[in-house]
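> Below: one structure in structure tokens.
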Protein chains: 2
Amino acid sequence: MELLSSPCTGAMLMHNNSYNGVMQLIDFQTEPSRYRHWRIECDGDLAYLIMDVDPAGGLSDGYELKLNSYDLGVDIELNDAVQRLRFEHPEVHCVVIKSGKDNVFCAGANIRYLGKATHQQKVNFCKFTNETRLAIEDASENSKQIYVCAINGNAAGGGYELALAADHIMLVDDRRSAVALPETPLLAVLPGTGGLTRVTDKRKVRRDRADVFCSIEEGIRGAKAVEWRLVDEVVANSKWNDTVAARAKEIATRSDRPKDAKGITLTPLERKIKTDRVSYTYVEAEIDRARSLATLTVRGPSQAAPHSVEAGHALGAAFWPLTVARELEDVILHLRANEAGIGVVLLRTDGDSEAVLAHDDFLATANGDWLMREIRLYLKRVLKRIDVTPKSFIALIEPGSCFAGTLAELAFAADRSLMLIGTREGDNRRPAAITLGPANFGSYPMGNGLTRLQTRLLGEPEALKAAEGRIGVAIEAEEAAELGLVTLVYEDFDWDDELRVMLEERTSFSPDAMTGMEANLRFAGPETMETKIFGRLTAWQNWIFQRPNAIGDEGALKLYGSGVKPVFGRERV
Amino acid sequence: MELLSSPCTGAMLMHNNSYNGVMQLIDFQTEPSRYRHWRIECDGDLAYLIMDVDPAGGLSDGYELKLNSYDLGVDIELNDAVQRLRFEHPEVHCVVIKSGKDNVFCAGANIRYLGKATHQQKVNFCKFTNETRLAIEDASENSKQIYVCAINGNAAGGGYELALAADHIMLVDDRRSAVALPETPLLAVLPGTGGLTRVTDKRKVRRDRADVFCSIEEGIRGAKAVEWRLVDEVVANSKWNDTVAARAKEIATRSDRPKDAKGITLTPLERKIKTDRVSYTYVEAEIDRARSLATLTVRGPSQAAPHSVEAGHALGAAFWPLTVARELEDVILHLRANEAGIGVVLLRTDGDSEAVLAHDDFLATANGDWLMREIRLYLKRVLKRIDVTPKSFIALIEPGSCFAGTLAELAFAADRSLMLIGTREGDNRRPAAITLGPANFGSYPMGNGLTRLQTRLLGEPEALKAAEGRIGVAIEAEEAAELGLVTLVYEDFDWDDELRVMLEERTSFSPDAMTGMEANLRFAGPETMETKIFGRLTAWQNWIFQRPNAIGDEGALKLYGSGVKPVFGRERV
């Protein structure tokens with residue numbers, strides 16, 4: 001059975017495969033004409049991103065998306081909208097998120113959806129929504145498409161957490177509308193989509209006030225919400241629309257985005273999903289469910305880098321770095337959501353290193369151009385998705401591969417890398433090599449604020465300097481090992497056996513232990529708000545998502561809305 | 001029934017109480033003459049801290065402490081030893097941890113103990129052992145009693161994690177002895193006593209090497225252990241003892257501890273444990289299990305501050321700040337280990353603020369004295385224990401209280417503080433006040449490296465400055481609220497009702513959600529290795545401690561040693 005791309009937004013597609021019989025596929029591709037929950041309304045240098053959730057549009061049956069509550073499908077549209085605003089609307093300098101409903105802004109994640117979801121689905125949902133909110137922050141900070149949240153109605157839980165992602169939060173003063181994080185009193189879980197972390201670390205709400213705020217089901221409104229730093233301003237109902245527009249106009253002036261540029265269209269991906277394979281133009285994933293293994297191959301550019309910025313624009317979505325970013329992102333999201341049984345992902349590249357580096361150079365040189373900046377920022381975000389993906393990544397660096405510049409980041413994102421020494425018999429291609437480029441020394445910071453090489457070589461600053469001195473050189477296995485760029489190097493003679501044993505071993509370990517181990521080892525060095533959200537906050541939330549007080553038959557998530565009060569074990573762990 | 005202090009090391013005492021019938025009490029007090037697992041051998045400016053675990057000396061029946069493996073009882077002795085070396089042995093400048101067994105250094109936490117432990121016991125055990133290892137690091141760094149770990153035999157799991165706490169790690173090169181973190185392959189859990197974090201962040205082992213290292217059951221030895229930064233040096237068996245002594249001598253010269261000073265004796269605590277009350281000289285806890293509530297009262301000094309450093313020394317363990325630190329620490333550990341059903345702790349103080357501040361001044365002035373420095377460092381560690389205690393702390397600031405200087409930190413460590421406006425009818429004591437001292441601005445950094453006031457006022461540096469300008473002034477309720485020092489202020493008329501409602505509400509919430517919420521809100525701002533251990537690493541480990549792959553009937557912790565291989569669900573979460 002074959003599925004073509006993008007049948008409908010966040011659809012759950014029935015899909016036969018050998019792994020678990022019939023599988024429901026979640027599709028992360030969509031486009032505005034298919035949105036059921038969001039509208040984009042552009043108005044010169046402003047855009048309004050309007051949340052108007054269709055209650056009947058849930059990703060699966062069995063719950064209604066009342067009160068602008070959301071499930072993964074709603075957030076897939078949001079992610080798409082944030083992305084398209086950046087690429088398709090360079091002229092938009094400020095985005096205002098607001099509600100299309102009367103009297104409610106957003107009631108947060110849908111509790112019945114969460115209550116029915118498996119543990120894996122809950123965790124994956126939260127990860128994706130966290131990434132979307134970080135993408136909003138990245139748009140404000142780095143794309144200078146600055147987000148304002150105009151809270152016209154109650155913003156509770158995930159609704160307020162969405163607002164927290166904005167650069168500026170406005171709250172209507174209608175004596176009803178409030179912001180709230182009622183997760184702990186109502187649901188026995190945490191405000192886990194960044195809420196707790198952003199309240200203290202971004203909004204810098206005093207910790208004891210945050211403690212009080214998180215205990216008040218009905219939330220806080222009016223002047224007190226400003227005094228407590230929960231919102232930036234409250235505005236009288238009568239002046240609401242005008243003030244929001246005026247504030248957005250004012251904030252738009254802080255942008256450095258162009259005034260009259262034309263966006264590009266993010267055309268549908270070329271994608272084929274077969275039982276054991278997902279194929280795109282430059283990316284391909286082979287799925288071996290029996291071995292819990294996927295092999296992801298990224299191909300280098302098939303064309304030379306453009307000769308001019310204009311030529312780059314003319315390529316649009318077909319420009320190699322952008323195509324690769326989109327395809328890589330989609331396949332990572334697919335593996336997370338639809339292939340939870342896959343524990344190890346082999347990362348391979350195929351192509352010409354020089355061509356990869358030429359594209360990197362082009363992007364760097366043209367970084368003053370809004371589109372090329374977007375593409376680099378997008379590549380950064382896609383690589384960060386790998387960093388928080390709960391699979392073991394093993395990079396295989398062999399002859400014919402192109403781990404150069406941007407694609408070398410795949411090797412540095414991997415938990416381990418294996419590199420072939422020299423060539424293979426009968427293969428007359430050049431020996432396996434890594435080629436570093438300037439992109440490896442600053443273009444793609446991880447969530448911790450460091451580059452992958454800085455994180456990797458935290459204890460060896462002199463090695464980092466030595467690596468920088470080898471920019472542009474095809475570094476073969478022994479030197480790569482010397483420089484600390486790869487984990488293990490093998491001769492052709494040993495390669496297959498070593499790899500087979502490593503994979504058998506890796507997939508024999510507890511998947512939970514691997515996930516926990518990787519979530520720790522990947523983030524050496526400083527923590528930032530972003531890594532705190534994925535580390536501290538998410539890990540605690542995942543723990544709570546396993547606890548009977550939340551998910552047991554008498555737990556709060558199960559009983560929510562039933563009228564029956566949950567019964568909590570009283571033990572403090 | 002009444003229990004006098006310290007019946008035997010880490011003993012499980014049968015103790016009747018109304019909460020759960022018969023309760024097993026864990027005692028955190030011990031002393032060297034009662035150790036079953038450790039020996040201290042002093043040799044001039046060196047001390048050897050020798051681990052020689054009595055296999056039959058487990059905290060409860062049903063497992064043997066083979067191969068120098070440890071349970072909570074073993075770690076209670078280690079904590080005591082580390083503490084006494086600091087206070088009782090100023091002349092010791094370097095401490096060498098080594099094994100008293102042939103062929104094994106330490107096999108880590110006892111797996112059968114862990115397998116039998118409840119979730120709460122596992123988590124509490126890991127927290128305490130983490131604190132002990134941090135205390136070792138604090139001794140090296142701040143007391144300049146510098147730890148060396150001399151690994152004479154295999155150091156696996158918690159055994160190597162103990163070594164990681166030392167400033168300098170030596171490994172014997174006998175072709176057998178190795179360091180290992182085999183938790184993930186063998187037990188499906190994490191090296192959770194700081195292991196993963198210290199490997200990447202303290203030792204700065206490259207993340208891919210750490211990944212490999214954590215997958216190798218038998219560990220790494222010899223030159224490779226040095227090359228990978230896992231140990232600082234390997235030493236041939238024939239030169240082992242001499243080299244260890246020489247290295248320790250050399251490291252001892254980096255200490256600024258005195259040469260000929262006499263230590264003080266940490267005499268047994270004056271402690272009475274009754275069913276609903278634990279009493280010490282200056283500290284008292286009332287336990288109300290029906291309401292999941294404890295009230296902790298700390299009394300100010302009953303004497304004036306000493307007139308000279310010598311007079312302070314003469315007081316020894318009876319010196320108020322030291323007594324308070326010891327009593328507060330003991331009661332916190334008691335509440336954690338023996339009163340898991342208590343969800344909320346009210347923090348009260350009683351006494352004369354001037355006397356507290358006079359003691360603070362004395363400690364600050366005499367900080368060049370080794371003992372006074374020890375006492376301040378100890379107070380810092382005790383306050384940090386509160387920060388990571390899974391109970392809600394609410395400070396009550398009322399007339400007659402002495403939230404001043406060091407004791408004001410209790411209010412700033414609390415999740416909330418309530419302060420009475422003015423006085424109570426018929427009470428002619430002065431109005432409730434907080435009095436800040438210089439101690440609140442640097443003496444007691446939290447794990448995140450900031451003071452509690454800095455963390456609290458992260459978004460309001462001007463408020464922090466204003467507070468500093470009020471040092472020494474008795475700040476009454478309204479001004480305290482203005483300065484951001486307290487959460488809520490009430491008139492006498494409202495006090496009881498407000499407090500009652502707050503407590504009813506707090507204890508009605510899910511204890512898990514509260515623990516997760518507090519673990520996030522308490523640590524605004526930067527993360528350090530220490531907070532990463534308690535946040536990221538511990539939260540992931542706690543999650544794994546709930547997962548069937550670890551603790552299910554077919555999980556690795558349950559089946560360890562049975563010869564039956566665990567069966568893992570393959571899903572990646």
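Ligands are numbered from 1 in the order shown, residues from 1 within each chain, and chains are lettered A, B, ... in the order they appear in the structure tokens.
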What are the DSSP strand (DSSP E or B) residues of range 214-276 of chain A, as a ChimeraX atom specification?

/A:220,233-236,272-274

> Go ahead and dump the residues you just picked, N, CA, C and O atoms, as a CSV table (one decimal), in the first residue's frame.


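Written file, part18.csv:
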```
chain,number,residue,atom,x,y,z
A,220,ILE,N,-5.7,34.6,37.0
A,220,ILE,CA,-5.5,36.0,37.5
A,220,ILE,C,-5.8,36.9,36.3
A,220,ILE,O,-5.4,36.6,35.2
A,233,GLU,N,0.4,43.9,29.4
A,233,GLU,CA,-0.5,45.0,29.6
A,233,GLU,C,-1.9,44.5,29.6
A,233,GLU,O,-2.2,43.5,29.0
A,234,VAL,N,-2.8,45.2,30.2
A,234,VAL,CA,-4.2,44.9,30.1
A,234,VAL,C,-4.9,46.1,29.4
A,234,VAL,O,-4.4,47.3,29.6
A,235,VAL,N,-5.9,45.9,28.6
A,235,VAL,CA,-6.5,46.9,27.8
A,235,VAL,C,-8.0,46.8,28.0
A,235,VAL,O,-8.5,45.7,27.9
A,236,ALA,N,-8.6,48.0,28.1
A,236,ALA,CA,-10.0,48.0,28.3
A,236,ALA,C,-10.7,47.5,27.1
A,236,ALA,O,-10.2,47.6,25.9
A,272,LYS,N,6.8,9.7,-0.7
A,272,LYS,CA,6.1,8.4,-0.9
A,272,LYS,C,6.3,7.6,0.4
A,272,LYS,O,7.5,7.4,0.9
A,273,ILE,N,5.2,7.2,1.0
A,273,ILE,CA,5.3,6.4,2.2
A,273,ILE,C,4.9,4.9,1.8
A,273,ILE,O,3.8,4.7,1.3
A,274,LYS,N,5.9,4.0,1.9
A,274,LYS,CA,5.5,2.6,1.6
A,274,LYS,C,5.7,1.9,3.0
A,274,LYS,O,6.1,2.5,4.0
```

> Counting only C-alpha atoms, which residues of chain A sit at most 6 Å from some atom of chain B, and what is each one's closest atom pair with its distance in Å to one decimal, listed by chain and rising residue number, as JSON lines?


```
{"residue": "A:Gln120", "atom": "CA", "partner": "B:Val573", "partner_atom": "CA", "distance": 4.8}
{"residue": "A:Thr184", "atom": "CA", "partner": "B:Ala513", "partner_atom": "CA", "distance": 5.7}
{"residue": "A:Pro185", "atom": "CA", "partner": "B:Phe509", "partner_atom": "CA", "distance": 5.7}
{"residue": "A:Ala188", "atom": "CA", "partner": "B:Ala513", "partner_atom": "CA", "distance": 5.2}
{"residue": "A:Val189", "atom": "CA", "partner": "B:Ala513", "partner_atom": "CA", "distance": 5.3}
{"residue": "A:Thr200", "atom": "CA", "partner": "B:Ala524", "partner_atom": "CA", "distance": 5.5}
{"residue": "A:Asp201", "atom": "CA", "partner": "B:Ala524", "partner_atom": "CA", "distance": 5.6}
{"residue": "A:Lys204", "atom": "CA", "partner": "B:Gly459", "partner_atom": "CA", "distance": 4.8}
{"residue": "A:Arg206", "atom": "CA", "partner": "B:Arg456", "partner_atom": "CA", "distance": 5.5}
{"residue": "A:Arg207", "atom": "CA", "partner": "B:Leu521", "partner_atom": "CA", "distance": 5.7}
{"residue": "A:Asp208", "atom": "CA", "partner": "B:Arg416", "partner_atom": "CA", "distance": 5.1}
{"residue": "A:Ala340", "atom": "CA", "partner": "B:Arg572", "partner_atom": "CA", "distance": 5.1}
{"residue": "A:Gly341", "atom": "CA", "partner": "B:Glu571", "partner_atom": "CA", "distance": 4.5}
{"residue": "A:Asp415", "atom": "CA", "partner": "B:Asp208", "partner_atom": "CA", "distance": 5.4}
{"residue": "A:Arg416", "atom": "CA", "partner": "B:Asp208", "partner_atom": "CA", "distance": 5.1}
{"residue": "A:Arg456", "atom": "CA", "partner": "B:Arg206", "partner_atom": "CA", "distance": 5.5}
{"residue": "A:Gly459", "atom": "CA", "partner": "B:Lys204", "partner_atom": "CA", "distance": 4.8}
{"residue": "A:Phe509", "atom": "CA", "partner": "B:Pro185", "partner_atom": "CA", "distance": 5.7}
{"residue": "A:Ser510", "atom": "CA", "partner": "B:Ala188", "partner_atom": "CA", "distance": 5.3}
{"residue": "A:Pro511", "atom": "CA", "partner": "B:Arg572", "partner_atom": "CA", "distance": 5.6}
{"residue": "A:Ala513", "atom": "CA", "partner": "B:Ala188", "partner_atom": "CA", "distance": 5.2}
{"residue": "A:Gly516", "atom": "CA", "partner": "B:Trp540", "partner_atom": "CA", "distance": 5.6}
{"residue": "A:Leu521", "atom": "CA", "partner": "B:Arg207", "partner_atom": "CA", "distance": 5.7}
{"residue": "A:Ala524", "atom": "CA", "partner": "B:Thr200", "partner_atom": "CA", "distance": 5.5}
{"residue": "A:Gly525", "atom": "CA", "partner": "B:Asp201", "partner_atom": "CA", "distance": 5.9}
{"residue": "A:Glu527", "atom": "CA", "partner": "B:Glu527", "partner_atom": "CA", "distance": 5.7}
{"residue": "A:Gly535", "atom": "CA", "partner": "B:Arg536", "partner_atom": "CA", "distance": 4.9}
{"residue": "A:Arg536", "atom": "CA", "partner": "B:Arg536", "partner_atom": "CA", "distance": 4.5}
{"residue": "A:Ala539", "atom": "CA", "partner": "B:Trp540", "partner_atom": "CA", "distance": 5.3}
{"residue": "A:Trp540", "atom": "CA", "partner": "B:Ala539", "partner_atom": "CA", "distance": 5.2}
{"residue": "A:Trp543", "atom": "CA", "partner": "B:Trp543", "partner_atom": "CA", "distance": 4.3}
{"residue": "A:Phe568", "atom": "CA", "partner": "B:Ser510", "partner_atom": "CA", "distance": 5.9}
{"residue": "A:Arg570", "atom": "CA", "partner": "B:Gly341", "partner_atom": "CA", "distance": 5.5}
{"residue": "A:Glu571", "atom": "CA", "partner": "B:Gly341", "partner_atom": "CA", "distance": 4.5}
{"residue": "A:Arg572", "atom": "CA", "partner": "B:Ala340", "partner_atom": "CA", "distance": 5.1}
{"residue": "A:Val573", "atom": "CA", "partner": "B:Gln120", "partner_atom": "CA", "distance": 4.8}
```

> Using DSSP on the backbone coordinates, identify the residues of range 242-339 of chain A assigned to alpha helix (DSSP H); present them as a compact mmCIF listing (two decimals) with N, CA, C and O atoms, in the first residue's frame.


```txt
# COMPACT_ATOMS: atom_id res chain seq x y z
N ASP A 242 -8.29 48.42 18.66
CA ASP A 242 -7.42 49.52 18.24
C ASP A 242 -6.06 49.43 18.94
O ASP A 242 -5.02 49.63 18.32
N THR A 243 -6.10 49.13 20.21
CA THR A 243 -4.83 49.08 20.95
C THR A 243 -3.97 47.91 20.48
O THR A 243 -2.75 48.04 20.35
N VAL A 244 -4.60 46.78 20.23
CA VAL A 244 -3.84 45.63 19.74
C VAL A 244 -3.17 45.99 18.40
O VAL A 244 -1.97 45.76 18.20
N ALA A 245 -3.95 46.59 17.51
CA ALA A 245 -3.38 46.94 16.20
C ALA A 245 -2.27 47.97 16.34
O ALA A 245 -1.21 47.86 15.68
N ALA A 246 -2.49 48.95 17.20
CA ALA A 246 -1.47 49.98 17.39
C ALA A 246 -0.20 49.38 17.98
O ALA A 246 0.92 49.69 17.55
N ARG A 247 -0.37 48.52 18.97
CA ARG A 247 0.81 47.91 19.59
C ARG A 247 1.56 47.04 18.57
O ARG A 247 2.79 47.04 18.50
N ALA A 248 0.81 46.30 17.79
CA ALA A 248 1.45 45.44 16.78
C ALA A 248 2.20 46.29 15.76
O ALA A 248 3.34 45.96 15.37
N LYS A 249 1.60 47.37 15.35
CA LYS A 249 2.26 48.30 14.41
C LYS A 249 3.58 48.81 14.99
O LYS A 249 4.61 48.87 14.30
N GLU A 250 3.51 49.17 16.24
CA GLU A 250 4.68 49.71 16.93
C GLU A 250 5.78 48.64 17.03
O GLU A 250 6.96 48.92 16.78
N ILE A 251 5.37 47.45 17.38
CA ILE A 251 6.35 46.36 17.52
C ILE A 251 6.93 45.99 16.16
O ILE A 251 8.11 45.65 16.03
N ALA A 252 6.09 46.11 15.13
CA ALA A 252 6.56 45.79 13.78
C ALA A 252 7.74 46.66 13.37
O ALA A 252 8.61 46.23 12.60
N VAL A 309 21.70 35.64 -5.34
CA VAL A 309 20.59 35.56 -4.41
C VAL A 309 19.28 35.42 -5.17
O VAL A 309 18.40 34.62 -4.81
N GLU A 310 19.16 36.14 -6.24
CA GLU A 310 17.92 36.08 -7.03
C GLU A 310 17.70 34.65 -7.56
O GLU A 310 16.58 34.14 -7.53
N ALA A 311 18.79 34.04 -8.01
CA ALA A 311 18.67 32.67 -8.50
C ALA A 311 18.24 31.74 -7.37
O ALA A 311 17.47 30.79 -7.58
N GLY A 312 18.75 32.00 -6.17
CA GLY A 312 18.34 31.22 -5.01
C GLY A 312 16.85 31.37 -4.74
O GLY A 312 16.13 30.40 -4.50
N HIS A 313 16.37 32.59 -4.80
CA HIS A 313 14.94 32.84 -4.60
C HIS A 313 14.11 32.12 -5.67
O HIS A 313 13.06 31.57 -5.37
N ALA A 314 14.63 32.16 -6.90
CA ALA A 314 13.87 31.56 -7.99
C ALA A 314 13.69 30.05 -7.78
O ALA A 314 12.68 29.47 -8.15
N LEU A 315 14.67 29.43 -7.12
CA LEU A 315 14.54 27.99 -6.83
C LEU A 315 13.43 27.72 -5.82
O LEU A 315 12.80 26.67 -5.81
N TRP A 320 18.12 23.31 -2.59
CA TRP A 320 18.52 22.12 -1.85
C TRP A 320 18.49 22.26 -0.32
O TRP A 320 17.91 21.41 0.36
N PRO A 321 19.10 23.31 0.26
CA PRO A 321 19.10 23.35 1.73
C PRO A 321 17.69 23.39 2.31
O PRO A 321 17.42 22.79 3.35
N LEU A 322 16.80 24.06 1.63
CA LEU A 322 15.42 24.16 2.12
C LEU A 322 14.68 22.84 1.94
O LEU A 322 13.98 22.38 2.86
N THR A 323 14.87 22.22 0.81
CA THR A 323 14.22 20.93 0.58
C THR A 323 14.69 19.92 1.62
O THR A 323 13.89 19.18 2.21
N VAL A 324 16.00 19.89 1.82
CA VAL A 324 16.56 18.94 2.79
C VAL A 324 16.00 19.21 4.19
O VAL A 324 15.64 18.29 4.92
N ALA A 325 15.94 20.47 4.57
CA ALA A 325 15.43 20.81 5.90
C ALA A 325 14.00 20.31 6.06
O ALA A 325 13.65 19.69 7.07
N ARG A 326 13.17 20.57 5.05
CA ARG A 326 11.77 20.17 5.15
C ARG A 326 11.62 18.65 5.18
O ARG A 326 10.82 18.09 5.93
N GLU A 327 12.40 17.98 4.36
CA GLU A 327 12.27 16.52 4.28
C GLU A 327 12.81 15.84 5.54
O GLU A 327 12.22 14.90 6.07
N LEU A 328 13.91 16.38 6.01
CA LEU A 328 14.51 15.82 7.23
C LEU A 328 13.57 16.02 8.42
O LEU A 328 13.35 15.12 9.24
N GLU A 329 13.00 17.20 8.50
CA GLU A 329 12.05 17.48 9.58
C GLU A 329 10.86 16.52 9.51
O GLU A 329 10.45 15.92 10.51
N ASP A 330 10.32 16.36 8.32
CA ASP A 330 9.14 15.51 8.20
C ASP A 330 9.45 14.06 8.57
O ASP A 330 8.66 13.40 9.25
N VAL A 331 10.60 13.58 8.15
CA VAL A 331 10.90 12.18 8.43
C VAL A 331 11.19 11.97 9.92
O VAL A 331 10.82 10.95 10.49
N ILE A 332 11.80 12.94 10.55
CA ILE A 332 12.05 12.84 12.00
C ILE A 332 10.71 12.82 12.76
O ILE A 332 10.49 11.99 13.65
N LEU A 333 9.82 13.72 12.39
CA LEU A 333 8.51 13.75 13.05
C LEU A 333 7.74 12.46 12.79
O LEU A 333 7.06 11.94 13.68
N HIS A 334 7.86 11.95 11.59
CA HIS A 334 7.22 10.68 11.24
C HIS A 334 7.76 9.53 12.09
O HIS A 334 7.00 8.74 12.66
N LEU A 335 9.06 9.46 12.20
CA LEU A 335 9.66 8.37 12.98
C LEU A 335 9.25 8.46 14.44
O LEU A 335 8.97 7.45 15.09
N ARG A 336 9.20 9.69 14.96
CA ARG A 336 8.80 9.84 16.36
C ARG A 336 7.35 9.41 16.58
O ARG A 336 7.05 8.68 17.51
N ALA A 337 6.46 9.91 15.70
CA ALA A 337 5.03 9.72 15.96
C ALA A 337 4.53 8.37 15.49
O ALA A 337 3.65 7.78 16.12
N ASN A 338 5.09 7.90 14.39
CA ASN A 338 4.50 6.72 13.75
C ASN A 338 5.37 5.47 13.86
O ASN A 338 4.93 4.40 13.46
```

> Which polymer residues have any atom within 10 Å of an atom of Leu46 in chain B, counting only C-alpha atoms, with same-chain residues fewer than 4 positions away left out, as a PyMOL selection string?

chain B and resi 41-42+89+91-96+145-147+245+248-249+251-252

> Need the shell around Ile40 in chain A: protein/DNA/RNA residues with any atom at most 8 Å away, counting only C-alpha atoms. Skip same-chain ones fewer than 3 positions apart. Format as a PDB file with N, CA and C atoms, in the first residue's frame?


```
ATOM      1  N   PRO A  32      -2.577  26.001   4.394  1.00  0.00           N
ATOM      2  CA  PRO A  32      -3.679  26.824   4.888  1.00  0.00           C
ATOM      3  C   PRO A  32      -5.046  26.465   4.309  1.00  0.00           C
ATOM      4  N   ALA A  47       0.182  40.366  10.615  1.00  0.00           N
ATOM      5  CA  ALA A  47      -0.669  39.218  10.296  1.00  0.00           C
ATOM      6  C   ALA A  47      -1.399  38.827  11.572  1.00  0.00           C
ATOM      7  N   TYR A  48      -2.625  38.433  11.416  1.00  0.00           N
ATOM      8  CA  TYR A  48      -3.383  37.890  12.537  1.00  0.00           C
ATOM      9  C   TYR A  48      -3.458  36.378  12.345  1.00  0.00           C
ATOM     10  N   LEU A  49      -3.050  35.695  13.393  1.00  0.00           N
ATOM     11  CA  LEU A  49      -3.096  34.229  13.374  1.00  0.00           C
ATOM     12  C   LEU A  49      -4.228  33.867  14.329  1.00  0.00           C
ATOM     13  N   ILE A  50      -5.327  33.421  13.748  1.00  0.00           N
ATOM     14  CA  ILE A  50      -6.570  33.331  14.513  1.00  0.00           C
ATOM     15  C   ILE A  50      -6.901  31.882  14.818  1.00  0.00           C
ATOM     16  N   ALA A  81       1.518  27.041  10.139  1.00  0.00           N
ATOM     17  CA  ALA A  81       1.231  28.467   9.963  1.00  0.00           C
ATOM     18  C   ALA A  81       2.447  29.319  10.335  1.00  0.00           C
TER      19      ALA A  81
END
```

> Need to verify the contact set: Leu357 in chain B, 8 Å, only C-alpha atoms, exclusion of same-chain residues closer than 6 positions in sequence. Can you return it as a list in words?

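Close residues of Leu357 in chain B: Ala404, Gly405, Thr406 and Gly437 of chain B.
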
> Convert the current residue selection to file output with C-alpha atoms, as a PDB file, in the first residue's frame.


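Dumped everything to again17.pdb:
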```
ATOM      1  CA  ALA B 404      16.491  37.408  60.576  1.00  0.00           C
ATOM      2  CA  GLY B 405      19.696  36.786  58.634  1.00  0.00           C
ATOM      3  CA  THR B 406      20.341  33.061  58.487  1.00  0.00           C
ATOM      4  CA  GLY B 437      21.527  40.682  57.204  1.00  0.00           C
TER       5      GLY B 437
END
```
